[in-house]
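Comments concern the structure below.
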Amino acid sequence: SEITMKVAFRVNGQAHSLAVDPRTTLLDALREHLGLTGTKKGCDHGQCGACTAIVDGRRMNTCLSLALMHESSEIDTIEELGRVEELHPMQAAFIAHDGYQCGYCTPGQILSAVATLDEIAAGIPSAATRRVSQPSPASPEEIRERMSGNLCRCAAYPNIIAAITDVQEGRR
Ligand code: FES
């Protein structure tokens, strides 16, 4: 007999109440319980960023967090970006710059890129350097540093950084 516990949170603006095994990660809750497979499982150990979602306004590796810890959280996944607008500007920029090859890391890259520009605009320091962007807009080097938690095995990094830089310039 399997023990389950209840958790309720909102995903992409919709309320969900789930009964999950207490060991279920937020990633597995999204993918297996809610069918939101745009959030990818790469390493399942917090090292690749494929599982990135925006949780209560901050990007997070959902493979590292238990679903039960997210009672009342507001979670946004890649599915939301495509729903609100036909193509989010970051999605359009990734296409324009060939910011992907196999595409497996792309949802995490795009969510992380959107969050990176929000963090820079809000003056949130870089996790690694603890520096606020100075000057703003951030340089490609700084964007690369802030995106360093998202790995791409096809090494499309220059194209990814070009796409993000483009969106940043469009926002000015
Ligand atoms: Fe979560 Fe790799 S699957 S960081």
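Chain lettering (A, B, ...) mirrors the order of the structure tokens, residue numbering begins at 1 for each chain separately, and ligand numbering begins at 1 in order of display.
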
Exercise. Can you tell me, as number ranges by chain, what residues are no more than 9 Å from region 15-31 of chain A when counting only C-alpha atoms, ignoring any on the same chain fewer than 3 positions away?
Worked result: A: 2-12, 34-41, 44, 51-53, 61-70, 77

For this session: Find the spatial neighbours of Ser139 (chain A), counting only C-alpha atoms, within a cut-off of 10 Å - ignore same-chain residues fewer than 6 positions away - and output them as a ChimeraX atom specification.
Result: /A:133,145,161,165

For this session: Mind checking which residues fall within 12 Å of Ile54 (chain A), counting only C-alpha atoms, ignoring those fewer than 4 positions away in the same chain, and posting them as JSON, numbers by chain?
Result: {"A": [10, 11, 12, 26, 27, 39, 49, 58, 59, 60, 61, 62, 73, 74, 75, 76, 77, 78, 79, 80, 81, 107, 108, 109, 110, 111, 112, 113, 114, 115, 116, 118]}

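Proximity to Cys152 (chain A) was assessed for A:Gly13, A:Gly170, A:Gly57, A:Gly99 counting only C-alpha atoms; the smallest distance is recorded for A:Gly99.
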
For this session: Determine which residues of chain A DSSP labels as helix (DSSP H, G or I) from the backbone of this structure, then write them out as a ChimeraX atom specification.
Result: /A:26-33,62-64,67-70,78-84,89-96,106-121,140-146,157-171

Problem set entry | Shortest interatomic distance to ligand 1 - which of A:Ile120, A:Ala96, A:Ala155, A:Cys48, counting only C-alpha atoms and all ligand atoms |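 Of A:Ile120, A:Ala96, A:Ala155, A:Cys48, the one nearest ligand 1 is A:Cys48, counting only C-alpha atoms and all ligand atoms.
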
Problem set entry | Polymer residues at most 10 Å from Val132 (chain A), only C-alpha atoms, same-chain spacing of 5 or more positions, as an MDAnalysis selection string | chainID A and resid 119:127 138

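Counting from CA of Asp166 (chain A), the distance to CA of Pro89 (chain A) is 9.5 Å.
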
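Distances here use only C-alpha atoms and all ligand atoms; by that measure, the residue among A:Gln168, A:Asn150, A:Thr129, A:Asn159 closest to ligand 1 is A:Asn150.
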
Problem set entry | Å distance separating CA of Gly42 (chain A) from atom 4 (S, counted along the ligand's line) of ligand 1, one decimal place |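 A separation of 6.5 Å between them.
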
Filtered DSSP result for region 7-167 of chain A, state strand (DSSP E or B), as a PDB file with C-alpha atoms, in the first residue's frame:
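To be explicit, this is the file written out as part08.pdb:
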ATOM      1  CA  VAL A   7      -0.633  19.176  -2.136  1.00  0.00           C
ATOM      2  CA  ALA A   8      -2.340  22.063  -3.895  1.00  0.00           C
ATOM      3  CA  PHE A   9      -0.640  24.626  -6.094  1.00  0.00           C
ATOM      4  CA  ARG A  10      -1.288  26.632  -9.229  1.00  0.00           C
ATOM      5  CA  VAL A  11       0.389  25.764 -12.493  1.00  0.00           C
ATOM      6  CA  GLN A  14      -4.720  26.824 -13.006  1.00  0.00           C
ATOM      7  CA  ALA A  15      -5.391  25.355  -9.557  1.00  0.00           C
ATOM      8  CA  HIS A  16      -4.380  21.720  -9.053  1.00  0.00           C
ATOM      9  CA  SER A  17      -4.776  19.434  -6.090  1.00  0.00           C
ATOM     10  CA  LEU A  18      -2.668  16.289  -6.212  1.00  0.00           C
ATOM     11  CA  ALA A  19      -2.236  13.189  -4.090  1.00  0.00           C
ATOM     12  CA  VAL A  20       1.410  12.204  -4.410  1.00  0.00           C
ATOM     13  CA  THR A  25       9.732  15.694  -7.012  1.00  0.00           C
ATOM     14  CA  THR A  52      13.752  24.647 -14.998  1.00  0.00           C
ATOM     15  CA  ALA A  53      10.374  26.151 -14.093  1.00  0.00           C
ATOM     16  CA  ILE A  54       9.472  29.521 -12.596  1.00  0.00           C
ATOM     17  CA  VAL A  55       8.290  28.967  -9.031  1.00  0.00           C
ATOM     18  CA  ARG A  58      12.129  32.600  -9.348  1.00  0.00           C
ATOM     19  CA  ARG A  59      13.650  29.987 -11.636  1.00  0.00           C
ATOM     20  CA  MET A  60      14.195  26.627 -10.039  1.00  0.00           C
ATOM     21  CA  ASN A  61      15.543  23.171 -10.872  1.00  0.00           C
ATOM     22  CA  LEU A  66       9.706  17.873  -3.493  1.00  0.00           C
ATOM     23  CA  GLU A  74       2.535  29.676  -8.291  1.00  0.00           C
ATOM     24  CA  ILE A  75       4.389  27.681 -10.919  1.00  0.00           C
ATOM     25  CA  ASP A  76       4.917  28.604 -14.560  1.00  0.00           C
TER      26      ASP A  76
END

Exercise. Taking only C-alpha atoms and all ligand atoms into account, which of A:Leu151, A:Ile143, A:Ala128, A:Ile160 comes nearest ligand 1?
Worked result: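 Closest candidate: A:Leu151.
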
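Nearest residue to ligand 1, choosing from A:His45, A:His97, A:His33, A:Arg131 and counting only C-alpha atoms and all ligand atoms: A:His45.
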
For this session: Would you please work out which residue, of A:Cys154, A:Pro140, A:Met147, A:Cys43, is nearest to ligand 1 when using only C-alpha atoms and all ligand atoms?
Result: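 Closest to ligand 1 of all the choices is A:Cys43.
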
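When CA of His88 (chain A) is paired with CA of Arg130 (chain A), their separation reads 28.7 Å.
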